[in-house]
Amino acid sequence: MDGSQTMAEDAWTVAGRTFRSRLIVGTGKYKDYALNAAAADAAGAEIVTVALRRVNLSDPSQPMLSDHVRPDRFTYLPNTAGCFTGEEAVRTLRLAREAGGWDLVKLEVLSRTAHLYPDMEETLRALKLLIAEGFSVMVYCTDDPVYCRKLEEAGAAAIMPAAAPIGSGLGIQNRLNIGLIVEQSRVPVLVDAGVGTASDAAAAMELGCDAVLMNTAIAEAKDPIRMARAMKHAVIAGREAYLAGRMPKRLYAEPSSPLAGLI
């Protein structure tokens, strides 16, 4: 089986839905919805996250996301960006289900801090409320393996640890923890937040993550379309490297050609 066949068959599944692209992109911070749509196309994305409290989905007198990032082309993943309590998150996603029939959702419950890391106690509480209402929930969280295990045990459809603070572009700050989360999880693991450039995306995939989610890294690039293409290739390259199995790390040199029998 050659490499092209391998990539064509290397799909991933979340909540019973199968996707081939392992790059998920956001729908915020772009100059306009047309640029957002062009970047999503260039990224080869199949899923786009939608911040329900910030994106126009219902007022036809204003530019509407769905006119450009079309729901018949992309799977919408409604999220609870801007929510700070479990009740806010649950109320937001109830509206999403009523408005678009969406039940695969992304939960994020943030702390009121400069770093905006998730409030994990409130996140876990909100997850349990949403599971009880029949949602399939992908959960944005810190890179704490213990809490990630609790989220999975509570019924999370996917675990989404932050690489670094939202919008920081710092890349993965704790590879050890991301690796531990991947190793222990039986549901998909996606690095979410903090990716800045293509090497960050490749690193996440080389650690064994199932996918990468990003918004600012593409939207705030000088050339968002070119960056979207770069991210697409980085995710593919990182996934291929993970599947190939990297060489072992060694403390000392090992020559490519044997030293014995030299002329």
# chains A, B, ... in the order shown; residues from 1 in each chain; ligands from 1

$ select_by_dssp --residues "region 109-262 of chain A" --states "helix (DSSP H, G or I)" --output "VMD selection string"
chain A and resid 120 to 132 145 to 153 175 to 184 198 to 206 216 to 219 224 to 244

$ select_by_dssp --residues "region 106-252 of chain A" --states "strand (DSSP E)" --output "MDAnalysis selection string"
chainID A and resid 106:107 136:141 158:161 190:192 211:214

$ closest_residue --among "A:Leu35, A:Leu170, A:Ile159, A:Ala204" --to "Ala217 (chain A)" --atoms "only C-alpha atoms"
A:Leu170

$ closest_residue --among "A:Ala211, A:Ile218, A:Ala202, A:Val25" --to "Gly238 (chain A)" --atoms "only C-alpha atoms"
A:Ala202

$ residues_around --residues "Pro224 (chain A)" --least-positions-apart "6" --cutoff "12 Å" --atoms "only C-alpha atoms" --output "PyMOL selection string"
chain A and resi 25+29-32+34-43+197+215-218+230-231

$ write_last_selection --atoms "C-alpha atoms" --output "JSON list (two decimals), in the first residue's frame"
[["chain", "number", "residue", "atom", "x", "y", "z"],
["A", 25, "VAL", "CA", -10.57, 25.71, 11.75],
["A", 29, "LYS", "CA", -11.05, 37.14, 13.70],
["A", 30, "TYR", "CA", -11.14, 37.08, 9.90],
["A", 31, "LYS", "CA", -11.53, 40.30, 7.92],
["A", 32, "ASP", "CA", -14.81, 38.96, 6.57],
["A", 34, "ALA", "CA", -15.51, 35.39, 2.45],
["A", 35, "LEU", "CA", -11.88, 35.24, 3.61],
["A", 36, "ASN", "CA", -12.89, 32.82, 6.34],
["A", 37, "ALA", "CA", -14.46, 30.52, 3.76],
["A", 38, "ALA", "CA", -11.45, 30.72, 1.45],
["A", 39, "ALA", "CA", -9.11, 29.84, 4.33],
["A", 40, "ALA", "CA", -11.28, 26.90, 5.38],
["A", 41, "ASP", "CA", -11.19, 25.61, 1.81],
["A", 42, "ALA", "CA", -7.41, 26.06, 1.57],
["A", 43, "ALA", "CA", -7.00, 24.18, 4.85],
["A", 197, "THR", "CA", 2.66, 28.09, 12.99],
["A", 215, "ASN", "CA", -8.30, 29.87, 14.55],
["A", 216, "THR", "CA", -5.95, 32.76, 15.31],
["A", 217, "ALA", "CA", -2.90, 31.10, 13.75],
["A", 218, "ILE", "CA", -4.59, 31.30, 10.35],
["A", 230, "ALA", "CA", 0.77, 25.37, 5.30],
["A", 231, "MET", "CA", -1.28, 24.05, 8.22]]

$ residues_around --residues "Arg112 (chain A)" --least-positions-apart "2" --cutoff "12 Å" --atoms "only C-alpha atoms" --output "ChimeraX atom specification"
/A:82-85,109-110,114-119

$ closest_residue --among "A:Ser256, A:Ser136, A:Gln184, A:Ser21" --to "Asp210 (chain A)" --atoms "only C-alpha atoms"
A:Ser21

$ atom_distance --atom1 "CA of Arg94 (chain A)" --atom2 "CA of Thr80 (chain A)"
10.7 Å

$ closest_residue --among "A:Val182, A:Leu190, A:Leu104, A:Leu65" --to "Gly134 (chain A)" --atoms "only C-alpha atoms"
A:Leu104

$ residues_around --residues "Ser185 (chain A)" --least-positions-apart "5" --cutoff "10 Å" --atoms "only C-alpha atoms" --output "PyMOL selection string"
chain A and resi 145+148-149+152-153+158-159+180

$ write_last_selection --atoms "N, CA, C and O atoms" --output "compact mmCIF listing (two decimals), in the first residue's frame"
# COMPACT_ATOMS: atom_id res chain seq x y z
N PRO A 145 -3.66 15.48 32.68
CA PRO A 145 -4.09 14.11 32.39
C PRO A 145 -5.15 13.59 33.36
O PRO A 145 -6.02 12.81 32.96
N CYS A 148 -8.44 15.16 32.38
CA CYS A 148 -8.83 14.62 31.08
C CYS A 148 -9.45 13.23 31.24
O CYS A 148 -10.41 12.87 30.56
N ARG A 149 -8.91 12.43 32.15
CA ARG A 149 -9.49 11.13 32.43
C ARG A 149 -10.90 11.28 33.01
O ARG A 149 -11.82 10.54 32.65
N GLU A 152 -13.34 12.09 30.21
CA GLU A 152 -13.67 10.91 29.41
C GLU A 152 -14.63 10.00 30.17
O GLU A 152 -15.60 9.49 29.60
N GLU A 153 -14.37 9.79 31.44
CA GLU A 153 -15.24 8.93 32.25
C GLU A 153 -16.65 9.51 32.38
O GLU A 153 -17.62 8.77 32.53
N ALA A 158 -14.74 13.72 22.88
CA ALA A 158 -13.36 14.01 22.51
C ALA A 158 -12.75 14.91 23.57
O ALA A 158 -13.45 15.70 24.20
N ILE A 159 -11.44 14.79 23.75
CA ILE A 159 -10.70 15.58 24.70
C ILE A 159 -9.86 16.58 23.92
O ILE A 159 -9.15 16.21 22.97
N LEU A 180 0.91 12.03 27.43
CA LEU A 180 0.24 11.21 28.43
C LEU A 180 -1.27 11.14 28.18
O LEU A 180 -1.90 10.09 28.34

$ residues_around --residues "Gly171 (chain A)" --least-positions-apart "6" --cutoff "7 Å" --atoms "only C-alpha atoms" --output "mmCIF file with all heavy atoms, in the first residue's frame"
data_model
loop_
_atom_site.group_PDB
_atom_site.id
_atom_site.type_symbol
_atom_site.label_atom_id
_atom_site.label_comp_id
_atom_site.auth_asym_id
_atom_site.auth_seq_id
_atom_site.Cartn_x
_atom_site.Cartn_y
_atom_site.Cartn_z
ATOM 1 N N ALA A 163 -2.798 23.720 23.914
ATOM 2 C CA ALA A 163 -1.340 23.716 23.774
ATOM 3 C C ALA A 163 -0.732 24.859 24.571
ATOM 4 O O ALA A 163 0.353 24.738 25.137
ATOM 5 C CB ALA A 163 -0.961 23.840 22.298
ATOM 6 N N ALA A 164 -1.452 25.981 24.606
ATOM 7 C CA ALA A 164 -1.023 27.216 25.274
ATOM 8 C C ALA A 164 -2.264 28.102 25.362
ATOM 9 O O ALA A 164 -3.317 27.751 24.813
ATOM 10 C CB ALA A 164 0.094 27.895 24.480
ATOM 11 N N GLY A 194 -3.557 27.839 21.020
ATOM 12 C CA GLY A 194 -2.137 28.100 21.238
ATOM 13 C C GLY A 194 -1.231 27.788 20.071
ATOM 14 O O GLY A 194 -0.049 28.127 20.092
ATOM 15 N N VAL A 195 -1.764 27.137 19.029
ATOM 16 C CA VAL A 195 -0.946 26.860 17.846
ATOM 17 C C VAL A 195 -0.611 28.180 17.150
ATOM 18 O O VAL A 195 -1.461 29.066 17.020
ATOM 19 C CB VAL A 195 -1.703 25.924 16.883
ATOM 20 C CG1 VAL A 195 -0.995 25.827 15.535
ATOM 21 C CG2 VAL A 195 -1.849 24.532 17.513
ATOM 22 N N GLY A 196 0.642 28.322 16.711
ATOM 23 C CA GLY A 196 1.051 29.572 16.079
ATOM 24 C C GLY A 196 1.495 29.420 14.645
ATOM 25 O O GLY A 196 1.271 30.301 13.816
ATOM 26 N N ASP A 200 4.085 23.819 14.898
ATOM 27 C CA ASP A 200 3.293 23.494 16.075
ATOM 28 C C ASP A 200 2.243 22.431 15.752
ATOM 29 O O ASP A 200 2.003 21.503 16.540
ATOM 30 C CB ASP A 200 2.585 24.737 16.617
ATOM 31 C CG ASP A 200 3.530 25.851 17.013
ATOM 32 O OD1 ASP A 200 4.666 25.547 17.426
ATOM 33 O OD2 ASP A 200 3.143 27.030 16.897
#

$ atom_distance --atom1 "CA of Val90 (chain A)" --atom2 "CA of Ser61 (chain A)"
27.7 Å

$ closest_residue --among "A:Val146, A:Cys141, A:Met64, A:Ala201" --to "His233 (chain A)" --atoms "only C-alpha atoms"
A:Ala201

$ closest_residue --among "A:Ala234, A:Ile181, A:Ala241, A:Met160" --to "Tyr140 (chain A)" --atoms "only C-alpha atoms"
A:Met160

$ residues_around --residues "Arg22 (chain A)" --least-positions-apart "2" --cutoff "12 Å" --atoms "only C-alpha atoms" --output "PDB file with N, CA and C atoms, in the first residue's frame"
ATOM      1  N   MET A   7      -3.082   7.576   3.293  1.00  0.00           N
ATOM      2  CA  MET A   7      -3.704   8.820   3.735  1.00  0.00           C
ATOM      3  C   MET A   7      -5.191   8.830   3.401  1.00  0.00           C
ATOM      4  N   ALA A   8      -5.566   8.269   2.248  1.00  0.00           N
ATOM      5  CA  ALA A   8      -6.968   8.262   1.843  1.00  0.00           C
ATOM      6  C   ALA A   8      -7.815   7.445   2.806  1.00  0.00           C
ATOM      7  N   ASP A  10      -6.970   6.880   6.055  1.00  0.00           N
ATOM      8  CA  ASP A  10      -6.637   7.206   7.438  1.00  0.00           C
ATOM      9  C   ASP A  10      -7.635   8.220   7.992  1.00  0.00           C
ATOM     10  N   ALA A  11      -8.851   7.754   8.232  1.00  0.00           N
ATOM     11  CA  ALA A  11      -9.894   8.627   8.748  1.00  0.00           C
ATOM     12  C   ALA A  11      -9.929   8.544  10.272  1.00  0.00           C
ATOM     13  N   TRP A  12     -10.677   9.458  10.884  1.00  0.00           N
ATOM     14  CA  TRP A  12     -10.895   9.413  12.325  1.00  0.00           C
ATOM     15  C   TRP A  12     -12.367   9.638  12.600  1.00  0.00           C
ATOM     16  N   THR A  13     -12.821   9.168  13.743  1.00  0.00           N
ATOM     17  CA  THR A  13     -14.245   9.186  14.061  1.00  0.00           C
ATOM     18  C   THR A  13     -14.483   9.798  15.427  1.00  0.00           C
ATOM     19  N   VAL A  14     -15.490  10.671  15.502  1.00  0.00           N
ATOM     20  CA  VAL A  14     -15.904  11.247  16.777  1.00  0.00           C
ATOM     21  C   VAL A  14     -17.426  11.181  16.848  1.00  0.00           C
ATOM     22  N   THR A  18     -17.457  10.248  10.859  1.00  0.00           N
ATOM     23  CA  THR A  18     -16.110  10.001  10.341  1.00  0.00           C
ATOM     24  C   THR A  18     -15.653  11.151   9.453  1.00  0.00           C
ATOM     25  N   PHE A  19     -14.390  11.552   9.642  1.00  0.00           N
ATOM     26  CA  PHE A  19     -13.802  12.651   8.878  1.00  0.00           C
ATOM     27  C   PHE A  19     -12.431  12.238   8.370  1.00  0.00           C
ATOM     28  N   ARG A  20     -12.024  12.816   7.241  1.00  0.00           N
ATOM     29  CA  ARG A  20     -10.700  12.534   6.692  1.00  0.00           C
ATOM     30  C   ARG A  20      -9.720  13.664   6.998  1.00  0.00           C
ATOM     31  N   ILE A  24      -9.158  21.238  11.957  1.00  0.00           N
ATOM     32  CA  ILE A  24     -10.409  21.949  12.206  1.00  0.00           C
ATOM     33  C   ILE A  24     -10.075  23.431  12.352  1.00  0.00           C
ATOM     34  N   VAL A  25     -10.860  24.276  11.702  1.00  0.00           N
ATOM     35  CA  VAL A  25     -10.569  25.707  11.746  1.00  0.00           C
ATOM     36  C   VAL A  25     -11.748  26.473  12.337  1.00  0.00           C
ATOM     37  N   ALA A  43      -7.447  25.088   3.793  1.00  0.00           N
ATOM     38  CA  ALA A  43      -7.005  24.180   4.853  1.00  0.00           C
ATOM     39  C   ALA A  43      -7.473  22.746   4.619  1.00  0.00           C
ATOM     40  N   GLY A  44      -8.412  22.577   3.693  1.00  0.00           N
ATOM     41  CA  GLY A  44      -8.974  21.249   3.475  1.00  0.00           C
ATOM     42  C   GLY A  44      -9.842  20.793   4.627  1.00  0.00           C
ATOM     43  N   ALA A  45     -10.342  21.738   5.421  1.00  0.00           N
ATOM     44  CA  ALA A  45     -11.113  21.404   6.615  1.00  0.00           C
ATOM     45  C   ALA A  45     -12.481  20.841   6.247  1.00  0.00           C
ATOM     46  N   GLU A  46     -12.973  19.958   7.103  1.00  0.00           N
ATOM     47  CA  GLU A  46     -14.337  19.461   6.985  1.00  0.00           C
ATOM     48  C   GLU A  46     -15.210  19.966   8.133  1.00  0.00           C
ATOM     49  N   ILE A  47     -14.585  20.384   9.215  1.00  0.00           N
ATOM     50  CA  ILE A  47     -15.290  20.889  10.390  1.00  0.00           C
ATOM     51  C   ILE A  47     -14.855  22.321  10.653  1.00  0.00           C
ATOM     52  N   VAL A  48     -15.823  23.193  10.961  1.00  0.00           N
ATOM     53  CA  VAL A  48     -15.506  24.544  11.408  1.00  0.00           C
ATOM     54  C   VAL A  48     -16.196  24.792  12.739  1.00  0.00           C
ATOM     55  N   PRO A 188     -11.045  10.431  20.800  1.00  0.00           N
ATOM     56  CA  PRO A 188     -10.092  11.298  20.092  1.00  0.00           C
ATOM     57  C   PRO A 188      -9.537  12.405  20.969  1.00  0.00           C
ATOM     58  N   VAL A 189      -8.261  12.724  20.735  1.00  0.00           N
ATOM     59  CA  VAL A 189      -7.588  13.829  21.411  1.00  0.00           C
ATOM     60  C   VAL A 189      -7.179  14.853  20.355  1.00  0.00           C
ATOM     61  N   LEU A 190      -7.571  16.098  20.559  1.00  0.00           N
ATOM     62  CA  LEU A 190      -7.262  17.162  19.614  1.00  0.00           C
ATOM     63  C   LEU A 190      -6.575  18.295  20.355  1.00  0.00           C
ATOM     64  N   VAL A 191      -5.431  18.742  19.875  1.00  0.00           N
ATOM     65  CA  VAL A 191      -4.827  19.948  20.441  1.00  0.00           C
ATOM     66  C   VAL A 191      -5.664  21.136  19.997  1.00  0.00           C
ATOM     67  N   ALA A 201       1.610  22.582  14.597  1.00  0.00           N
ATOM     68  CA  ALA A 201       0.600  21.614  14.181  1.00  0.00           C
ATOM     69  C   ALA A 201       1.229  20.250  13.921  1.00  0.00           C
ATOM     70  N   ALA A 202       2.383  20.249  13.254  1.00  0.00           N
ATOM     71  CA  ALA A 202       3.073  18.986  12.996  1.00  0.00           C
ATOM     72  C   ALA A 202       3.474  18.305  14.297  1.00  0.00           C
ATOM     73  N   ALA A 204       2.001  18.477  17.208  1.00  0.00           N
ATOM     74  CA  ALA A 204       0.816  17.882  17.833  1.00  0.00           C
ATOM     75  C   ALA A 204       0.487  16.539  17.200  1.00  0.00           C
ATOM     76  N   MET A 205       0.566  16.470  15.895  1.00  0.00           N
ATOM     77  CA  MET A 205       0.251  15.218  15.205  1.00  0.00           C
ATOM     78  C   MET A 205       1.317  14.163  15.460  1.00  0.00           C
ATOM     79  N   GLY A 208       0.751  12.025  18.361  1.00  0.00           N
ATOM     80  CA  GLY A 208      -0.332  11.053  18.264  1.00  0.00           C
ATOM     81  C   GLY A 208      -1.715  11.627  18.391  1.00  0.00           C
ATOM     82  N   CYS A 209      -1.841  12.962  18.390  1.00  0.00           N
ATOM     83  CA  CYS A 209      -3.174  13.563  18.446  1.00  0.00           C
ATOM     84  C   CYS A 209      -3.969  13.179  17.197  1.00  0.00           C
ATOM     85  N   ASP A 210      -5.269  13.108  17.355  1.00  0.00           N
ATOM     86  CA  ASP A 210      -6.126  12.729  16.231  1.00  0.00           C
ATOM     87  C   ASP A 210      -6.369  13.893  15.279  1.00  0.00           C
ATOM     88  N   ALA A 211      -6.305  15.118  15.794  1.00  0.00           N
ATOM     89  CA  ALA A 211      -6.538  16.294  14.959  1.00  0.00           C
ATOM     90  C   ALA A 211      -6.045  17.528  15.702  1.00  0.00           C
ATOM     91  N   VAL A 212      -6.068  18.653  14.995  1.00  0.00           N
ATOM     92  CA  VAL A 212      -5.664  19.938  15.560  1.00  0.00           C
ATOM     93  C   VAL A 212      -6.736  20.967  15.226  1.00  0.00           C
ATOM     94  N   LEU A 213      -7.065  21.793  16.206  1.00  0.00           N
ATOM     95  CA  LEU A 213      -8.029  22.864  15.985  1.00  0.00           C
ATOM     96  C   LEU A 213      -7.312  24.202  16.149  1.00  0.00           C
ATOM     97  N   MET A 214      -7.581  25.112  15.240  1.00  0.00           N
ATOM     98  CA  MET A 214      -6.932  26.430  15.322  1.00  0.00           C
ATOM     99  C   MET A 214      -7.821  27.493  14.703  1.00  0.00           C
ATOM    100  N   MET A 231      -0.749  24.862   7.128  1.00  0.00           N
ATOM    101  CA  MET A 231      -1.277  24.051   8.225  1.00  0.00           C
ATOM    102  C   MET A 231      -1.808  22.717   7.728  1.00  0.00           C
ATOM    103  N   LYS A 232      -2.444  22.735   6.577  1.00  0.00           N
ATOM    104  CA  LYS A 232      -2.941  21.482   5.986  1.00  0.00           C
ATOM    105  C   LYS A 232      -1.792  20.507   5.773  1.00  0.00           C
ATOM    106  N   HIS A 233      -0.717  20.983   5.157  1.00  0.00           N
ATOM    107  CA  HIS A 233       0.420  20.110   4.887  1.00  0.00           C
ATOM    108  C   HIS A 233       1.125  19.691   6.172  1.00  0.00           C
ATOM    109  N   ALA A 234       1.177  20.588   7.157  1.00  0.00           N
ATOM    110  CA  ALA A 234       1.836  20.264   8.424  1.00  0.00           C
ATOM    111  C   ALA A 234       1.105  19.148   9.151  1.00  0.00           C
ATOM    112  N   VAL A 235      -0.213  19.218   9.158  1.00  0.00           N
ATOM    113  CA  VAL A 235      -1.008  18.175   9.823  1.00  0.00           C
ATOM    114  C   VAL A 235      -0.820  16.833   9.121  1.00  0.00           C
ATOM    115  N   ILE A 236      -0.818  16.852   7.801  1.00  0.00           N
ATOM    116  CA  ILE A 236      -0.594  15.610   7.054  1.00  0.00           C
ATOM    117  C   ILE A 236       0.797  15.059   7.327  1.00  0.00           C
ATOM    118  N   ALA A 237       1.810  15.928   7.288  1.00  0.00           N
ATOM    119  CA  ALA A 237       3.186  15.477   7.515  1.00  0.00           C
ATOM    120  C   ALA A 237       3.359  14.926   8.929  1.00  0.00           C
ATOM    121  N   GLY A 238       2.799  15.626   9.916  1.00  0.00           N
ATOM    122  CA  GLY A 238       2.918  15.152  11.287  1.00  0.00           C
ATOM    123  C   GLY A 238       2.237  13.817  11.495  1.00  0.00           C
ATOM    124  N   ARG A 239       1.084  13.644  10.887  1.00  0.00           N
ATOM    125  CA  ARG A 239       0.370  12.366  10.996  1.00  0.00           C
ATOM    126  C   ARG A 239       1.160  11.244  10.329  1.00  0.00           C
ATOM    127  N   GLU A 240       1.703  11.504   9.148  1.00  0.00           N
ATOM    128  CA  GLU A 240       2.501  10.489   8.449  1.00  0.00           C
ATOM    129  C   GLU A 240       3.742  10.102   9.258  1.00  0.00           C
TER     130      GLU A 240
END

$ atom_distance --atom1 "CA of Ala81 (chain A)" --atom2 "CA of Thr49 (chain A)"
9.9 Å
